[in-house]
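Student: There's a structure below that I have some questions on.
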Amino acid sequence: ETGVTQSPTHLIKTRGQQVTLRCSSQSGHNTVSWYQQALGQGPQFIFQYYREEENGRGNFPPRFSGLQFPNYSSELNVNALELDDSALYLCASSQTGESYNEQFFGPGTRLTVL
Amino acid sequence: QKEVEQNSGPLSVPEGAIASLNCTYSDRGSQSFFWYRQYSGKSPELIMFIYSNGDKEDGRFTAQLNKASQYVSLLIRDSQPSDSATYLCAVNRYAGGTSYGKLTFGQGTILTVHP
(Lines give C-alpha, C1' and ligand atoms only; values in the text may rest on other atoms or scores of the structure.)
Protein backbone atom coordinates (compact mmCIF):
# COMPACT_ATOMS: atom_id res chain seq x y z
CA GLU A 1 0.00 0.00 0.00
CA THR A 2 1.44 3.36 -1.08
CA GLY A 3 1.13 6.24 1.38
CA VAL A 4 0.30 9.88 0.72
CA THR A 5 3.03 11.79 -1.08
CA GLN A 6 3.48 15.53 -1.57
CA SER A 7 5.80 17.68 -3.63
CA PRO A 8 7.81 19.76 -3.31
CA THR A 9 9.07 19.37 0.26
CA HIS A 10 10.09 23.00 0.62
CA LEU A 11 9.38 26.09 -1.43
CA ILE A 12 10.42 29.73 -1.18
CA LYS A 13 8.41 32.35 -3.04
CA THR A 14 8.08 36.12 -2.97
CA ARG A 15 4.96 38.10 -2.26
CA GLY A 16 2.63 38.32 -5.25
CA GLN A 17 3.85 35.13 -6.91
CA GLN A 18 1.80 32.04 -7.59
CA VAL A 19 2.50 28.50 -6.34
CA THR A 20 1.27 24.98 -7.12
CA LEU A 21 1.55 22.17 -4.61
CA ARG A 22 0.93 18.53 -5.49
CA CYS A 23 -0.43 15.52 -3.66
CA SER A 24 -0.87 11.85 -4.51
CA SER A 25 -3.46 10.06 -2.43
CA GLN A 26 -2.95 6.74 -0.68
CA SER A 27 -3.85 3.76 -2.87
CA GLY A 28 -7.51 2.85 -2.46
CA HIS A 29 -8.50 6.39 -1.43
CA ASN A 30 -10.72 8.65 -3.56
CA THR A 31 -10.73 11.89 -1.58
CA VAL A 32 -8.10 14.55 -0.92
CA SER A 33 -8.33 17.32 1.65
CA TRP A 34 -5.94 20.23 2.01
CA TYR A 35 -5.00 21.93 5.26
CA GLN A 36 -2.82 24.89 6.18
CA GLN A 37 -0.84 24.70 9.42
CA ALA A 38 0.77 27.87 10.74
CA LEU A 39 3.57 27.54 13.27
CA GLY A 40 2.26 26.54 16.70
CA GLN A 41 -1.31 26.04 15.47
CA GLY A 42 -3.48 23.12 14.50
CA PRO A 43 -4.17 22.50 10.81
CA GLN A 44 -6.93 24.61 9.22
CA PHE A 45 -9.20 23.06 6.57
CA ILE A 46 -8.85 24.67 3.14
CA PHE A 47 -11.00 22.41 0.94
CA GLN A 48 -11.72 18.84 -0.03
CA TYR A 49 -11.91 17.17 -3.45
CA TYR A 50 -14.01 14.14 -4.30
CA ARG A 51 -14.86 12.89 -7.79
CA GLU A 52 -12.78 15.74 -9.24
CA GLU A 53 -15.02 18.39 -7.67
CA GLU A 54 -14.66 20.63 -4.64
CA ASN A 55 -16.69 18.97 -1.90
CA GLY A 56 -16.51 21.51 0.91
CA ARG A 57 -14.41 24.58 1.61
CA GLY A 58 -13.10 26.30 4.69
CA ASN A 59 -12.67 30.01 5.35
CA PHE A 60 -10.03 30.71 2.71
CA PRO A 61 -10.20 33.33 -0.08
CA PRO A 62 -10.75 32.41 -3.74
CA ARG A 63 -7.06 32.84 -4.52
CA PHE A 64 -6.75 29.36 -2.97
CA SER A 65 -7.96 26.91 -5.59
CA GLY A 66 -7.51 23.27 -6.38
CA LEU A 67 -7.94 20.41 -8.75
CA GLN A 68 -8.38 16.68 -8.50
CA PHE A 69 -7.42 14.38 -11.34
CA PRO A 70 -8.97 11.06 -12.45
CA ASN A 71 -6.23 9.14 -10.59
CA TYR A 72 -7.34 11.00 -7.40
CA SER A 73 -4.15 13.05 -7.15
CA SER A 74 -4.65 16.74 -6.44
CA GLU A 75 -3.12 20.19 -6.75
CA LEU A 76 -3.42 23.24 -4.53
CA ASN A 77 -2.86 26.57 -6.25
CA VAL A 78 -2.33 29.82 -4.42
CA ASN A 79 -2.29 33.10 -6.36
CA ALA A 80 -1.03 36.51 -5.26
CA LEU A 81 0.97 35.10 -2.36
CA GLU A 82 0.96 37.04 0.89
CA LEU A 83 3.43 36.86 3.77
CA ASP A 84 0.76 35.19 5.95
CA ASP A 85 0.57 32.29 3.49
CA SER A 86 3.87 31.04 4.91
CA ALA A 87 2.91 27.72 6.51
CA LEU A 88 3.05 23.95 6.26
CA TYR A 89 0.54 22.75 3.67
CA LEU A 90 -0.81 19.31 4.36
CA CYS A 91 -2.67 16.99 2.08
CA ALA A 92 -4.84 14.27 3.64
CA SER A 93 -6.17 11.21 1.87
CA SER A 94 -9.37 9.35 2.74
CA GLN A 95 -12.09 7.15 1.29
CA THR A 96 -15.48 8.85 1.10
CA GLY A 97 -18.19 6.34 1.85
CA GLU A 98 -16.32 4.67 4.68
CA SER A 99 -17.99 5.06 8.00
CA TYR A 100 -15.74 7.47 9.83
CA ASN A 101 -13.62 8.97 7.10
CA GLU A 102 -10.21 8.55 8.68
CA GLN A 103 -7.79 10.97 7.04
CA PHE A 104 -4.10 10.19 6.59
CA PHE A 105 -1.63 12.99 6.05
CA GLY A 106 1.25 13.32 3.65
CA PRO A 107 4.61 14.74 4.75
CA GLY A 108 3.61 18.30 3.87
CA THR A 109 5.07 21.15 1.85
CA ARG A 110 6.75 23.95 3.79
CA LEU A 111 6.02 27.24 1.97
CA THR A 112 7.95 30.37 2.84
CA VAL A 113 6.80 33.69 1.37
CA LEU A 114 9.34 36.52 1.48
CA GLN B 1 -15.29 30.19 21.81
CA LYS B 2 -12.98 28.00 19.76
CA GLU B 3 -14.59 25.01 18.07
CA VAL B 4 -12.01 22.61 19.51
CA GLU B 5 -9.99 23.48 22.59
CA GLN B 6 -6.96 21.81 24.06
CA ASN B 7 -4.57 22.84 26.80
CA SER B 8 -1.48 23.96 24.91
CA GLY B 9 0.79 22.71 27.68
CA PRO B 10 3.53 21.85 27.76
CA LEU B 11 2.55 18.80 29.74
CA SER B 12 5.56 17.18 31.34
CA VAL B 13 5.44 13.64 32.77
CA PRO B 14 8.14 11.24 33.95
CA GLU B 15 8.92 8.11 31.98
CA GLY B 16 6.55 5.29 32.89
CA ALA B 17 3.76 7.60 34.07
CA ILE B 18 0.30 8.08 32.56
CA ALA B 19 -0.10 11.15 30.37
CA SER B 20 -3.63 12.56 30.16
CA LEU B 21 -4.55 14.84 27.26
CA ASN B 22 -7.90 16.60 27.13
CA CYS B 23 -10.05 18.18 24.44
CA THR B 24 -13.45 19.89 24.40
CA TYR B 25 -15.54 20.73 21.36
CA SER B 26 -18.47 23.03 20.73
CA ASP B 27 -20.31 21.41 17.79
CA ARG B 28 -22.89 18.91 19.07
CA GLY B 29 -23.21 17.57 15.52
CA SER B 30 -19.70 16.12 15.68
CA GLN B 31 -19.73 12.43 14.82
CA SER B 32 -16.17 11.19 15.12
CA PHE B 33 -13.11 12.20 17.06
CA PHE B 34 -9.48 11.73 16.22
CA TRP B 35 -6.14 11.94 17.95
CA TYR B 36 -3.06 12.72 15.91
CA ARG B 37 0.56 12.83 17.04
CA GLN B 38 2.89 15.34 15.41
CA TYR B 39 6.63 15.30 15.92
CA SER B 40 8.48 18.57 15.42
CA GLY B 41 8.86 19.35 11.73
CA LYS B 42 6.75 16.37 10.67
CA SER B 43 3.15 15.88 9.57
CA PRO B 44 0.34 14.61 11.84
CA GLU B 45 0.11 10.83 12.31
CA LEU B 46 -3.24 9.24 13.18
CA ILE B 47 -3.08 7.44 16.53
CA MET B 48 -6.70 6.45 16.95
CA PHE B 49 -10.28 7.55 16.56
CA ILE B 50 -13.47 7.09 18.57
CA TYR B 51 -17.13 7.61 17.77
CA SER B 52 -19.10 6.02 20.59
CA ASN B 53 -19.34 7.16 24.19
CA GLY B 54 -16.98 5.33 26.49
CA ASP B 55 -13.44 4.07 26.20
CA LYS B 56 -11.48 2.65 23.29
CA GLU B 57 -8.12 1.02 23.92
CA ASP B 58 -5.27 0.39 21.49
CA GLY B 59 -2.04 -0.77 23.06
CA ARG B 60 -0.78 1.90 25.47
CA PHE B 61 -3.39 4.41 24.24
CA THR B 62 -6.94 4.84 25.50
CA ALA B 63 -9.37 7.34 24.01
CA GLN B 64 -12.38 8.38 26.07
CA LEU B 65 -15.48 10.12 24.72
CA ASN B 66 -18.35 11.81 26.54
CA LYS B 67 -20.70 13.41 24.01
CA ALA B 68 -23.00 14.84 26.69
CA SER B 69 -20.09 16.80 28.13
CA GLN B 70 -18.56 17.37 24.67
CA TYR B 71 -15.28 16.04 25.95
CA VAL B 72 -12.72 13.65 24.54
CA SER B 73 -9.44 12.58 26.10
CA LEU B 74 -6.38 10.48 25.35
CA LEU B 75 -4.50 8.53 27.98
CA ILE B 76 -1.00 7.27 27.29
CA ARG B 77 0.12 4.57 29.73
CA ASP B 78 3.76 3.77 30.45
CA SER B 79 4.85 6.98 28.74
CA GLN B 80 8.17 6.84 26.89
CA PRO B 81 10.51 9.66 25.82
CA SER B 82 9.58 8.74 22.23
CA ASP B 83 6.01 9.84 23.03
CA SER B 84 7.26 13.43 23.33
CA ALA B 85 5.38 15.29 20.60
CA THR B 86 2.41 17.58 19.99
CA TYR B 87 -0.94 15.79 20.26
CA LEU B 88 -3.75 17.15 18.11
CA CYS B 89 -7.43 16.53 18.76
CA ALA B 90 -9.71 16.70 15.71
CA VAL B 91 -13.47 16.40 15.28
CA ASN B 92 -15.54 15.57 12.21
CA ARG B 93 -19.23 16.06 11.35
CA TYR B 94 -18.95 13.42 8.63
CA ALA B 95 -22.23 11.55 8.43
CA GLY B 96 -21.37 8.97 5.80
CA GLY B 97 -22.20 8.82 2.11
CA THR B 98 -20.70 11.65 0.11
CA SER B 99 -21.00 14.36 2.75
CA TYR B 100 -17.66 16.01 3.19
CA GLY B 101 -15.40 15.22 6.08
CA LYS B 102 -13.82 18.42 7.30
CA LEU B 103 -11.55 17.88 10.28
CA THR B 104 -11.55 20.71 12.81
CA PHE B 105 -8.41 20.68 14.93
CA GLY B 106 -7.48 22.03 18.30
CA GLN B 107 -4.21 23.91 18.67
CA GLY B 108 -2.46 20.86 20.08
CA THR B 109 -0.93 19.92 23.42
CA ILE B 110 2.84 19.63 23.69
CA LEU B 111 3.81 16.53 25.70
CA THR B 112 7.29 16.03 27.10
CA VAL B 113 8.22 12.70 28.69
CA HIS B 114 11.43 13.02 30.68
CA PRO B 115 13.64 10.06 31.64
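Residues in the C-alpha coordinates are named by chain (A, B, ... in the order shown) and by number from 1 within that chain; ligands are numbered from 1 in the order shown.
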Just want the 6 Å neighbourhood of region 63-80 of chain A, counted on only C-alpha atoms, with same-chain residues fewer than 6 positions away dropped. Output as a list in words.
Tutor: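 Listing them by chain and then by number gives Gly16, Gln17, Gln18, Val19, Thr20, Leu21, Arg22, Cys23, Ser24, Ser25, Asn30 and Glu52 of chain A.
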Student: Run DSSP on the backbone and give me the residues of region 21-112 of chain B it puts in strand (DSSP E), as a short mmCIF file (atom, residue, chain, number, x, y, z; two decimals) with N, CA, C and O atoms, in the first residue's frame.
Tutor:
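Final output, saved to result.cif:
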```cif
data_model
loop_
_atom_site.label_atom_id
_atom_site.label_comp_id
_atom_site.auth_asym_id
_atom_site.auth_seq_id
_atom_site.Cartn_x
_atom_site.Cartn_y
_atom_site.Cartn_z
N LEU B 21 -4.37 13.71 28.17
CA LEU B 21 -4.55 14.84 27.26
C LEU B 21 -6.05 15.05 27.06
O LEU B 21 -6.80 14.10 26.83
N ASN B 22 -6.47 16.30 27.14
CA ASN B 22 -7.90 16.60 27.13
C ASN B 22 -8.29 17.52 25.97
O ASN B 22 -7.47 18.32 25.50
N CYS B 23 -9.55 17.41 25.58
CA CYS B 23 -10.05 18.18 24.44
C CYS B 23 -11.55 18.39 24.63
O CYS B 23 -12.27 17.46 25.01
N THR B 24 -12.01 19.62 24.40
CA THR B 24 -13.45 19.89 24.40
C THR B 24 -13.83 20.46 23.04
O THR B 24 -13.00 21.06 22.35
N TYR B 25 -15.08 20.26 22.66
CA TYR B 25 -15.54 20.73 21.36
C TYR B 25 -16.91 21.36 21.51
O TYR B 25 -17.67 21.04 22.44
N SER B 32 -17.35 12.01 14.88
CA SER B 32 -16.17 11.19 15.12
C SER B 32 -15.03 12.08 15.59
O SER B 32 -14.99 13.28 15.29
N PHE B 33 -14.12 11.45 16.32
CA PHE B 33 -13.11 12.20 17.06
C PHE B 33 -11.77 11.49 16.89
O PHE B 33 -11.69 10.26 17.02
N PHE B 34 -10.77 12.29 16.61
CA PHE B 34 -9.48 11.73 16.22
C PHE B 34 -8.36 12.31 17.07
O PHE B 34 -8.40 13.49 17.44
N TRP B 35 -7.37 11.47 17.33
CA TRP B 35 -6.14 11.94 17.95
C TRP B 35 -4.99 11.70 16.99
O TRP B 35 -4.80 10.58 16.49
N TYR B 36 -4.24 12.78 16.76
CA TYR B 36 -3.06 12.72 15.91
C TYR B 36 -1.85 13.09 16.76
O TYR B 36 -1.92 13.92 17.67
N ARG B 37 -0.73 12.50 16.41
CA ARG B 37 0.56 12.83 17.04
C ARG B 37 1.41 13.52 15.97
O ARG B 37 1.49 13.05 14.84
N GLN B 38 2.07 14.61 16.36
CA GLN B 38 2.89 15.34 15.41
C GLN B 38 4.26 15.62 16.04
O GLN B 38 4.35 16.40 16.99
N GLU B 45 0.25 12.28 12.48
CA GLU B 45 0.11 10.83 12.31
C GLU B 45 -1.10 10.38 13.12
O GLU B 45 -1.18 10.68 14.32
N LEU B 46 -2.03 9.68 12.48
CA LEU B 46 -3.24 9.24 13.18
C LEU B 46 -2.90 8.17 14.20
O LEU B 46 -2.30 7.15 13.87
N ILE B 47 -3.29 8.42 15.46
CA ILE B 47 -3.08 7.44 16.53
C ILE B 47 -4.32 6.57 16.66
O ILE B 47 -4.23 5.35 16.67
N MET B 48 -5.47 7.20 16.81
CA MET B 48 -6.70 6.45 16.95
C MET B 48 -7.90 7.37 16.81
O MET B 48 -7.76 8.59 16.85
N PHE B 49 -9.07 6.77 16.62
CA PHE B 49 -10.28 7.55 16.56
C PHE B 49 -11.35 6.85 17.39
O PHE B 49 -11.28 5.66 17.67
N ILE B 50 -12.38 7.61 17.75
CA ILE B 50 -13.47 7.09 18.57
C ILE B 50 -14.75 7.75 18.13
O ILE B 50 -14.74 8.93 17.72
N GLY B 54 -17.69 6.34 25.74
CA GLY B 54 -16.98 5.33 26.49
C GLY B 54 -15.51 5.34 26.16
O GLY B 54 -14.96 6.36 25.76
N ASP B 55 -14.88 4.20 26.37
CA ASP B 55 -13.44 4.07 26.20
C ASP B 55 -13.12 3.19 25.00
O ASP B 55 -13.85 2.25 24.69
N LYS B 56 -12.00 3.49 24.36
CA LYS B 56 -11.48 2.65 23.29
C LYS B 56 -9.99 2.51 23.52
O LYS B 56 -9.29 3.52 23.63
N GLU B 57 -9.51 1.27 23.59
CA GLU B 57 -8.12 1.02 23.92
C GLU B 57 -7.38 0.47 22.71
O GLU B 57 -7.91 -0.35 21.96
N ASP B 58 -6.14 0.92 22.54
CA ASP B 58 -5.27 0.39 21.49
C ASP B 58 -3.85 0.44 22.02
O ASP B 58 -3.21 1.50 22.04
N PHE B 61 -2.52 3.24 24.40
CA PHE B 61 -3.39 4.41 24.24
C PHE B 61 -4.84 4.05 24.55
O PHE B 61 -5.33 3.00 24.15
N THR B 62 -5.51 4.95 25.26
CA THR B 62 -6.94 4.84 25.50
C THR B 62 -7.60 6.17 25.18
O THR B 62 -7.20 7.20 25.73
N ALA B 63 -8.58 6.14 24.29
CA ALA B 63 -9.37 7.34 24.01
C ALA B 63 -10.68 7.22 24.78
O ALA B 63 -11.25 6.14 24.91
N GLN B 64 -11.13 8.34 25.32
CA GLN B 64 -12.38 8.38 26.07
C GLN B 64 -13.26 9.47 25.48
O GLN B 64 -12.78 10.57 25.21
N LEU B 65 -14.56 9.17 25.31
CA LEU B 65 -15.48 10.12 24.72
C LEU B 65 -16.72 10.27 25.59
O LEU B 65 -17.31 9.26 26.02
N ASN B 66 -17.12 11.50 25.83
CA ASN B 66 -18.35 11.81 26.54
C ASN B 66 -19.07 12.88 25.72
O ASN B 66 -18.75 14.06 25.82
N TYR B 71 -16.62 16.20 25.40
CA TYR B 71 -15.28 16.04 25.95
C TYR B 71 -14.68 14.75 25.41
O TYR B 71 -15.35 13.72 25.37
N VAL B 72 -13.44 14.84 24.99
CA VAL B 72 -12.72 13.65 24.54
C VAL B 72 -11.31 13.73 25.12
O VAL B 72 -10.74 14.82 25.26
N SER B 73 -10.77 12.59 25.50
CA SER B 73 -9.44 12.58 26.10
C SER B 73 -8.62 11.43 25.54
O SER B 73 -9.15 10.49 24.94
N LEU B 74 -7.32 11.53 25.74
CA LEU B 74 -6.38 10.48 25.35
C LEU B 74 -5.47 10.21 26.54
O LEU B 74 -4.86 11.14 27.07
N LEU B 75 -5.42 8.94 26.93
CA LEU B 75 -4.50 8.53 27.98
C LEU B 75 -3.38 7.73 27.34
O LEU B 75 -3.63 6.86 26.51
N ILE B 76 -2.16 8.03 27.75
CA ILE B 76 -1.00 7.27 27.29
C ILE B 76 -0.38 6.62 28.53
O ILE B 76 0.12 7.30 29.42
N ALA B 85 5.89 14.78 21.88
CA ALA B 85 5.38 15.29 20.60
C ALA B 85 4.23 16.24 20.91
O ALA B 85 3.85 16.43 22.06
N THR B 86 3.65 16.82 19.86
CA THR B 86 2.41 17.58 19.99
C THR B 86 1.25 16.65 19.63
O THR B 86 1.30 15.96 18.60
N TYR B 87 0.23 16.64 20.48
CA TYR B 87 -0.94 15.79 20.26
C TYR B 87 -2.12 16.68 19.85
O TYR B 87 -2.50 17.61 20.56
N LEU B 88 -2.66 16.37 18.69
CA LEU B 88 -3.75 17.15 18.11
C LEU B 88 -5.06 16.38 18.21
O LEU B 88 -5.14 15.22 17.83
N CYS B 89 -6.07 17.07 18.71
CA CYS B 89 -7.43 16.53 18.76
C CYS B 89 -8.18 17.09 17.55
O CYS B 89 -8.05 18.28 17.23
N ALA B 90 -8.94 16.25 16.87
CA ALA B 90 -9.71 16.70 15.71
C ALA B 90 -11.10 16.10 15.76
O ALA B 90 -11.28 14.96 16.19
N VAL B 91 -12.10 16.89 15.30
CA VAL B 91 -13.47 16.40 15.28
C VAL B 91 -14.02 16.51 13.86
O VAL B 91 -13.56 17.31 13.05
N ASN B 92 -15.03 15.69 13.57
CA ASN B 92 -15.54 15.57 12.21
C ASN B 92 -17.05 15.42 12.26
O ASN B 92 -17.55 14.61 13.04
N LEU B 103 -12.08 18.03 8.93
CA LEU B 103 -11.55 17.88 10.28
C LEU B 103 -11.32 19.26 10.88
O LEU B 103 -10.69 20.11 10.24
N THR B 104 -11.83 19.48 12.07
CA THR B 104 -11.55 20.71 12.81
C THR B 104 -10.62 20.35 13.96
O THR B 104 -10.94 19.50 14.79
N PHE B 105 -9.47 21.01 13.98
CA PHE B 105 -8.41 20.68 14.93
C PHE B 105 -8.36 21.67 16.08
O PHE B 105 -8.66 22.86 15.92
N THR B 109 -1.57 19.92 22.10
CA THR B 109 -0.93 19.92 23.42
C THR B 109 0.47 19.34 23.26
O THR B 109 0.64 18.24 22.72
N ILE B 110 1.46 20.10 23.73
CA ILE B 110 2.84 19.63 23.69
C ILE B 110 3.09 18.72 24.90
O ILE B 110 2.86 19.12 26.04
N LEU B 111 3.49 17.50 24.64
CA LEU B 111 3.81 16.53 25.70
C LEU B 111 5.31 16.28 25.71
O LEU B 111 5.92 16.00 24.68
N THR B 112 5.88 16.37 26.91
CA THR B 112 7.29 16.03 27.10
C THR B 112 7.37 14.92 28.13
O THR B 112 6.83 15.06 29.24
#
```
Student: Define the interface residues of chain A facing chain B as those within 10 Å, counting only C-alpha atoms, and report them as an NGL selection string.
Tutor: :A and (31 or 33-35 or 37 or 39-51 or 54-58 or 88-92 or 94-110)
Student: What's the separation between CA of Thr112 (chain A) and CA of Leu11 (chain A), in Å to one decimal place?
Tutor: 6.2 Å
Student: Separation of CA of Ala19 (chain B) and CA of Gln36 (chain A), in Å?
Tutor: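 About the pair CA of Ala19 (chain B) and CA of Gln36 (chain A): they are 28.0 Å apart.
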Student: By how many Å are CA of Arg60 (chain B) and CA of Pro81 (chain B) apart?
Tutor: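 That distance, rounded to one decimal, is 13.7 Å.
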Student: Excluding Pro14 (chain B) and its own-chain neighbours fewer than 4 positions away, which residues fall within 10 Å of it when counting only C-alpha atoms? Please give them as a PyMOL selection string.
Tutor: chain B and resi 18-19+78-81+112-115
